[in-house]
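target_33.cif, holding mmCIF, C-alpha atoms and all ligand atoms:
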```cif
data_my_file
#
loop_
_atom_site.group_PDB
_atom_site.id
_atom_site.type_symbol
_atom_site.label_atom_id
_atom_site.label_comp_id
_atom_site.auth_asym_id
_atom_site.auth_seq_id
_atom_site.Cartn_x
_atom_site.Cartn_y
_atom_site.Cartn_z
ATOM 1 C CA MET A 5 93.563 205.215 36.367
ATOM 2 C CA THR A 6 90.413 207.236 35.769
ATOM 3 C CA ASN A 7 87.204 205.245 35.940
ATOM 4 C CA ILE A 8 83.995 206.957 34.930
ATOM 5 C CA ILE A 9 80.371 205.873 34.972
ATOM 6 C CA LEU A 10 78.515 207.554 32.121
ATOM 7 C CA PHE A 11 74.962 207.675 33.345
ATOM 8 C CA GLY A 12 71.535 208.697 32.114
ATOM 9 C CA PRO A 13 68.285 207.322 30.741
ATOM 10 C CA PRO A 14 68.105 205.202 27.578
ATOM 11 C CA GLY A 15 68.703 207.337 24.529
ATOM 12 C CA SER A 16 70.450 210.090 26.482
ATOM 13 C CA GLY A 17 73.560 209.919 24.285
ATOM 14 C CA LYS A 18 75.892 207.876 26.474
ATOM 15 C CA GLY A 19 77.242 205.773 23.613
ATOM 16 C CA THR A 20 77.825 208.792 21.362
ATOM 17 C CA GLN A 21 79.647 210.746 24.060
ATOM 18 C CA ALA A 22 81.600 207.710 25.285
ATOM 19 C CA ALA A 23 83.091 207.261 21.808
ATOM 20 C CA LYS A 24 84.374 210.845 21.902
ATOM 21 C CA LEU A 25 85.673 210.584 25.481
ATOM 22 C CA VAL A 26 87.588 207.426 24.558
ATOM 23 C CA GLU A 27 89.492 209.315 21.873
ATOM 24 C CA LYS A 28 90.315 212.319 24.022
ATOM 25 C CA TYR A 29 91.159 210.594 27.305
ATOM 26 C CA ASN A 30 92.353 207.241 26.009
ATOM 27 C CA LEU A 31 89.974 205.169 28.142
ATOM 28 C CA LEU A 32 88.335 201.812 27.403
ATOM 29 C CA HIS A 33 84.594 202.053 26.719
ATOM 30 C CA ILE A 34 82.581 199.188 28.210
ATOM 31 C CA SER A 35 78.897 199.222 27.241
ATOM 32 C CA THR A 36 76.911 196.351 28.721
ATOM 33 C CA GLY A 37 74.219 196.909 26.063
ATOM 34 C CA ASP A 38 76.834 196.494 23.299
ATOM 35 C CA LEU A 39 78.253 193.413 25.031
ATOM 36 C CA PHE A 40 74.778 191.851 25.203
ATOM 37 C CA ARG A 41 74.060 192.669 21.535
ATOM 38 C CA TYR A 42 77.370 191.041 20.559
ATOM 39 C CA GLU A 43 76.450 187.892 22.506
ATOM 40 C CA ILE A 44 72.954 187.844 20.977
ATOM 41 C CA GLY A 45 74.392 188.343 17.479
ATOM 42 C CA ASN A 46 76.611 185.318 18.014
ATOM 43 C CA ASN A 47 73.842 183.174 19.514
ATOM 44 C CA THR A 48 75.888 182.407 22.602
ATOM 45 C CA PRO A 49 74.268 180.867 25.716
ATOM 46 C CA LEU A 50 74.645 184.253 27.455
ATOM 47 C CA GLY A 51 72.999 186.000 24.503
ATOM 48 C CA LEU A 52 70.097 183.568 24.528
ATOM 49 C CA LYS A 53 69.621 184.163 28.254
ATOM 50 C CA ALA A 54 69.604 187.952 27.834
ATOM 51 C CA LYS A 55 67.535 188.324 24.672
ATOM 52 C CA SER A 56 63.972 188.156 25.994
ATOM 53 C CA TYR A 57 64.722 190.600 28.821
ATOM 54 C CA ILE A 58 66.262 193.102 26.417
ATOM 55 C CA ASP A 59 63.573 192.791 23.755
ATOM 56 C CA ASN A 60 60.936 193.587 26.401
ATOM 57 C CA GLY A 61 62.856 196.514 27.842
ATOM 58 C CA ASN A 62 63.567 194.803 31.161
ATOM 59 C CA LEU A 63 66.888 194.492 32.946
ATOM 60 C CA VAL A 64 68.904 191.324 32.470
ATOM 61 C CA PRO A 65 69.349 189.593 35.875
ATOM 62 C CA ASP A 66 72.213 190.984 37.934
ATOM 63 C CA GLU A 67 74.258 187.794 38.161
ATOM 64 C CA VAL A 68 74.402 187.483 34.367
ATOM 65 C CA THR A 69 75.259 191.141 33.843
ATOM 66 C CA ILE A 70 77.835 191.397 36.622
ATOM 67 C CA GLY A 71 79.671 188.262 35.465
ATOM 68 C CA MET A 72 79.855 189.548 31.900
ATOM 69 C CA LEU A 73 81.135 192.953 33.049
ATOM 70 C CA LYS A 74 83.859 191.450 35.229
ATOM 71 C CA ASN A 75 85.064 189.251 32.358
ATOM 72 C CA LYS A 76 85.385 192.277 30.112
ATOM 73 C CA VAL A 77 87.386 194.259 32.693
ATOM 74 C CA ASP A 78 89.599 191.283 33.531
ATOM 75 C CA SER A 79 90.433 190.697 29.885
ATOM 76 C CA ASN A 80 91.508 194.355 29.449
ATOM 77 C CA PRO A 81 93.775 195.164 32.421
ATOM 78 C CA ASP A 82 96.341 197.411 30.732
ATOM 79 C CA VAL A 83 94.311 200.540 30.128
ATOM 80 C CA LYS A 84 94.317 204.098 31.465
ATOM 81 C CA GLY A 85 90.822 203.643 32.819
ATOM 82 C CA TYR A 86 87.305 202.540 32.000
ATOM 83 C CA ILE A 87 84.151 204.309 30.892
ATOM 84 C CA PHE A 88 81.247 202.244 32.157
ATOM 85 C CA ASP A 89 78.187 202.856 29.965
ATOM 86 C CA GLY A 90 74.903 201.236 30.982
ATOM 87 C CA PHE A 91 76.459 199.734 34.106
ATOM 88 C CA PRO A 92 75.759 199.781 37.011
ATOM 89 C CA ARG A 93 71.982 199.939 36.570
ATOM 90 C CA THR A 94 70.976 198.561 39.996
ATOM 91 C CA ILE A 95 72.276 199.051 43.538
ATOM 92 C CA PRO A 96 73.577 195.435 43.737
ATOM 93 C CA GLN A 97 75.478 196.050 40.488
ATOM 94 C CA ALA A 98 76.973 199.238 41.960
ATOM 95 C CA ILE A 99 78.039 197.470 45.155
ATOM 96 C CA SER A 100 79.568 194.605 43.131
ATOM 97 C CA LEU A 101 81.443 197.055 40.927
ATOM 98 C CA ASP A 102 82.826 198.962 43.917
ATOM 99 C CA GLU A 103 84.044 195.739 45.563
ATOM 100 C CA PHE A 104 85.436 194.340 42.325
ATOM 101 C CA LEU A 105 87.439 197.518 41.680
ATOM 102 C CA ALA A 106 88.556 197.812 45.316
ATOM 103 C CA ASN A 107 90.060 194.305 45.065
ATOM 104 C CA LYS A 108 92.235 195.664 42.271
ATOM 105 C CA ASP A 109 93.064 198.834 44.237
ATOM 106 C CA LEU A 110 90.864 200.789 41.854
ATOM 107 C CA THR A 111 87.880 203.019 42.404
ATOM 108 C CA ILE A 112 85.164 204.942 40.565
ATOM 109 C CA ASN A 113 86.344 208.532 40.149
ATOM 110 C CA ALA A 114 83.053 210.028 38.978
ATOM 111 C CA LEU A 115 79.536 209.310 37.805
ATOM 112 C CA ILE A 116 78.402 211.744 35.137
ATOM 113 C CA ALA A 117 74.695 211.824 34.312
ATOM 114 C CA LEU A 118 73.323 213.212 31.060
ATOM 115 C CA ASP A 119 70.083 215.010 31.831
ATOM 116 C CA VAL A 120 67.474 214.621 29.062
ATOM 117 C CA ASP A 121 63.695 214.853 29.482
ATOM 118 C CA ASP A 122 61.383 211.913 28.716
ATOM 119 C CA GLU A 123 59.797 213.460 25.625
ATOM 120 C CA GLU A 124 63.169 214.039 23.953
ATOM 121 C CA ILE A 125 64.276 210.526 24.887
ATOM 122 C CA VAL A 126 61.277 208.873 23.227
ATOM 123 C CA ASN A 127 61.854 210.932 20.066
ATOM 124 C CA ARG A 128 65.550 210.095 19.938
ATOM 125 C CA ILE A 129 64.983 206.364 20.478
ATOM 126 C CA LEU A 130 62.235 206.169 17.820
ATOM 127 C CA LEU A 131 64.568 207.963 15.388
ATOM 128 C CA ARG A 132 67.436 205.620 16.249
ATOM 129 C CA GLY A 133 65.047 202.673 15.815
ATOM 130 C CA LYS A 134 64.731 203.445 12.110
ATOM 131 C CA THR A 135 68.341 202.388 11.575
ATOM 132 C CA SER A 136 69.471 200.520 14.714
ATOM 133 C CA GLY A 137 67.599 197.309 13.950
ATOM 134 C CA ARG A 138 66.978 197.042 17.703
ATOM 135 C CA ALA A 139 63.611 195.516 18.636
ATOM 136 C CA ASP A 140 63.700 197.521 21.876
ATOM 137 C CA ASP A 141 63.942 200.806 19.909
ATOM 138 C CA ASN A 142 60.861 200.242 17.790
ATOM 139 C CA ASP A 143 57.943 199.797 20.136
ATOM 140 C CA ARG A 144 56.530 202.658 22.204
ATOM 141 C CA SER A 145 55.480 200.495 25.147
ATOM 142 C CA THR A 146 58.928 198.830 25.298
ATOM 143 C CA ILE A 147 60.575 202.253 25.238
ATOM 144 C CA GLN A 148 58.239 203.472 27.981
ATOM 145 C CA ASN A 149 59.093 200.375 30.036
ATOM 146 C CA ARG A 150 62.842 201.145 29.698
ATOM 147 C CA ILE A 151 62.179 204.710 30.886
ATOM 148 C CA ASP A 152 60.093 203.421 33.828
ATOM 149 C CA VAL A 153 62.833 200.953 34.819
ATOM 150 C CA TYR A 154 65.320 203.816 34.712
ATOM 151 C CA ASN A 155 63.158 206.102 36.852
ATOM 152 C CA GLU A 156 62.140 203.446 39.384
ATOM 153 C CA SER A 157 65.338 201.473 39.779
ATOM 154 C CA THR A 158 68.387 202.674 37.876
ATOM 155 C CA SER A 159 68.143 206.282 39.059
ATOM 156 C CA GLN A 160 68.990 205.055 42.607
ATOM 157 C CA VAL A 161 72.531 204.410 41.404
ATOM 158 C CA TYR A 162 72.974 208.186 41.134
ATOM 159 C CA GLY A 163 72.243 208.472 44.869
ATOM 160 C CA HIS A 164 74.685 205.664 45.698
ATOM 161 C CA TYR A 165 77.591 207.623 44.212
ATOM 162 C CA ASN A 166 76.186 210.967 45.349
ATOM 163 C CA GLU A 167 76.633 209.777 48.941
ATOM 164 C CA LYS A 168 80.333 209.496 48.110
ATOM 165 C CA GLU A 169 80.179 212.958 46.474
ATOM 166 C CA LEU A 170 81.054 211.469 43.095
ATOM 167 C CA SER A 171 77.839 212.170 41.152
ATOM 168 C CA HIS A 172 77.549 215.025 38.650
ATOM 169 C CA THR A 173 74.831 216.050 36.199
ATOM 170 C CA ILE A 174 75.258 217.857 32.906
ATOM 171 C CA ASN A 175 72.652 219.136 30.475
ATOM 172 C CA GLY A 176 72.224 216.462 27.791
ATOM 173 C CA LEU A 177 70.376 218.727 25.344
ATOM 174 C CA GLY A 178 72.122 220.531 22.492
ATOM 175 C CA THR A 179 74.492 219.495 19.752
ATOM 176 C CA ILE A 180 76.842 216.541 20.215
ATOM 177 C CA GLU A 181 79.772 218.997 20.360
ATOM 178 C CA GLU A 182 78.065 221.233 22.935
ATOM 179 C CA ILE A 183 77.391 218.271 25.216
ATOM 180 C CA PHE A 184 80.919 216.957 24.706
ATOM 181 C CA GLY A 185 82.278 220.393 25.672
ATOM 182 C CA ARG A 186 80.322 220.270 28.943
ATOM 183 C CA LEU A 187 81.604 216.761 29.624
ATOM 184 C CA CYS A 188 85.219 217.725 28.978
ATOM 185 C CA SER A 189 85.098 220.761 31.231
ATOM 186 C CA LEU A 190 83.739 218.563 34.008
ATOM 187 C CA MET A 191 86.400 215.887 33.343
ATOM 188 C CA ASP A 192 89.140 218.527 33.397
ATOM 189 C CA THR A 193 88.035 220.283 36.579
ATOM 190 C CA LYS A 194 86.213 217.833 38.840
ATOM 191 C CA VAL A 195 87.429 214.332 37.955
HETATM 192 P P1 LIG A 201 69.855 202.068 26.332
HETATM 193 O O1 LIG A 201 70.774 202.824 27.260
HETATM 194 O O2 LIG A 201 69.508 202.828 25.105
HETATM 195 O O3 LIG A 201 68.661 201.472 27.029
HETATM 196 P P2 LIG A 201 71.723 199.839 26.293
HETATM 197 O O4 LIG A 201 72.404 199.403 25.072
HETATM 198 O O5 LIG A 201 72.548 200.448 27.379
HETATM 199 O O6 LIG A 201 70.620 200.831 25.762
HETATM 200 O O7 LIG A 201 70.912 198.628 26.961
HETATM 201 C C1 LIG A 201 70.000 197.868 26.217
HETATM 202 C C2 LIG A 201 69.357 196.808 27.111
HETATM 203 O O8 LIG A 201 70.365 195.895 27.588
HETATM 204 C C3 LIG A 201 68.699 197.323 28.396
HETATM 205 O O9 LIG A 201 67.379 197.781 28.178
HETATM 206 C C4 LIG A 201 68.741 196.054 29.273
HETATM 207 O O10 LIG A 201 67.746 195.123 28.889
HETATM 208 C C5 LIG A 201 70.080 195.450 28.914
HETATM 209 N N1 LIG A 201 71.142 195.925 29.831
HETATM 210 C C6 LIG A 201 72.168 196.753 29.503
HETATM 211 N N2 LIG A 201 72.930 197.017 30.583
HETATM 212 C C7 LIG A 201 72.359 196.352 31.627
HETATM 213 C C8 LIG A 201 72.626 196.248 33.017
HETATM 214 N N3 LIG A 201 73.673 196.896 33.569
HETATM 215 N N4 LIG A 201 71.830 195.480 33.788
HETATM 216 C C9 LIG A 201 70.796 194.823 33.262
HETATM 217 N N5 LIG A 201 70.452 194.888 31.965
HETATM 218 C C10 LIG A 201 71.215 195.649 31.143
#
```
Written as C-alpha cells, that's how I'd like the structure from this file.
Ligand code: ADP
Amino acid sequence: MTNIILFGPPGSGKGTQAAKLVEKYNLLHISTGDLFRYEIGNNTPLGLKAKSYIDNGNLVPDEVTIGMLKNKVDSNPDVKGYIFDGFPRTIPQAISLDEFLANKDLTINALIALDVDDEEIVNRILLRGKTSGRADDNDRSTIQNRIDVYNESTSQVYGHYNEKELSHTINGLGTIEEIFGRLCSLMDTKV
C-alpha cells in the first residue's frame, strides 16, 4: 500500500492534483472537505455539526473529523492506498491517523506539500468561488481566516512528518500539468 498526505494551504490545488494521482496510481482519494460538503448537502447530523465551522473558515472539531475519516477508510479496505487530502490538519489528527494506520499494519509513506504564496491562494479561491457555490470561498475575511488557521496550526503537521523524514515540498505554481509532472517525479523516486 502507498499512503500519501497531499498537503498545502487552501486553494493550493490539492483536489485537482489528487484526481490526477488517483488515475495514475490507482489510489483512493479521501478529501475531508468533500466528505463534509456531502454530509452538509444531505442535512445529516454530522453535516449540521460541521456547517458553521466551515462557513466561518474554522476547523471542525477533531473528534468529529477523525471519526468521519476513520469510517471512510474502514468502509474502503481493498484499495492500493489512500491519498489523504485536507487531513490531517492538526497534530492530534496526525497522531490519530498514525495510530489508526499502525493498527492495520499500515503507515504514511509521504507527505507532499504544494507550495503556493498567499496572494495567489486568495486569487484562486475567489475565482473558484464564482462557480463553487461555497460560502467559504466568497468572503475575503473567511478566506484570510482559513489561511491564518493553516499558517498557525495546520502547518505544524508538516513538521510532524518531517521528523520522520517523510515530508516533501514541490512548487505549486505553474500549469496543472507542470505541477502534476513534479508530483509524479517525486512519487516515482522518493515514495
Ligand atoms: P480548502 O483546502 O480549500 O480549505 P477543504 O475542502 O479541504 O478546502 O476544507 C473546507 C473546510 O472543511 C475547512 O476550511 C474546514 O472548515 C473543514 N475541514 C476540512 N478538513 C478538515 C480537517 N481535517 N479538520 C478540521 N476541519 C476540516
**Report entry** Explicit residues for the PyMOL selection byres (((chain A and resi 26) around 12) and not hetatm) (as a list in words)
**Finding:** Thr6, Asn7, Ile8, Leu10, Lys18, Gly19, Thr20, Gln21, Ala22, Ala23, Lys24, Leu25, Glu27, Lys28, Tyr29, Asn30, Leu31, Leu32, His33, Ile34, Val83, Lys84, Gly85, Tyr86, Ile87, Phe88, Asp89, Phe184 and Cys188 of chain A
Report task. Excluding Gly163 in chain A and any residue of its chain fewer than 3 positions from it, enumerate the residues within 12 Å of it, using only C-alpha atoms, and give them as a PyMOL selection string. Result -> chain A and resi 11+93-95+98+115-117+157-160+166-173
Query raised in the report: So what do you get for CA of Val161 in chain A versus CA of Gln97 in chain A, distance-wise?
Result: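 Rounded to one decimal, the two atoms are 8.9 Å apart.
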Query raised in the report: So what does the PyMOL selection byres (((chain A and resi 56-66) around 10) and not hetatm) actually pick up in this one, as a VMD selection string?
Result: chain A and resid 37 40 to 41 51 to 55 67 to 72 92 to 97 100 138 to 143 145 to 154 157 to 158
Query raised in the report: the PyMOL selection byres (((chain A and resi 110) around 12) and not hetatm) on the file shown: which residues, as number ranges by chain?
Result: A: 5-8, 77, 81, 84-86, 101-109, 111-113
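Checking A:Ile180, A:Leu130, A:Leu190, A:Ala114 one by one against ligand LIG 201 (chain A), counting only C-alpha atoms and all ligand atoms, you find the shortest gap at A:Leu130.
Between CA of Ser35 in chain A and atom O7 of ligand LIG 201 (chain A) lies a distance of 8.0 Å.
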Enclose all atoms of ligand LIG 201 (chain A) listed in the file in an axis-aligned box, grow every side by 3 Å, and hand back centre and edge lengths in Å to one decimal, as lines of an AutoDock Vina configuration file.
```
center_x = 70.5
center_y = 198.8
center_z = 29.4
size_x = 12.3
size_y = 14.0
size_z = 14.7
```
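Nearest residue to ligand LIG 201 (chain A), choosing from A:Gly133, A:Pro49, A:Gly178, A:Pro13 and counting all atoms listed in the file: A:Pro13.
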Query raised in the report: CA of Leu118 in chain A to CA of Leu50 in chain A: how many Å, to one decimal?
Result: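 Answer for the CA of Leu118 in chain A to CA of Leu50 in chain A separation: 29.2 Å.
Proximity ranking of A:Asn175, A:Thr48, A:Ser189, A:Thr36 relative to ligand LIG 201 (chain A) places A:Thr36 first, based on all atoms listed in the file.
If all atoms listed in the file are the atoms counted, then among A:Ile129, A:Val120, A:Leu187, A:Val195 the closest residue to ligand LIG 201 (chain A) is A:Ile129.
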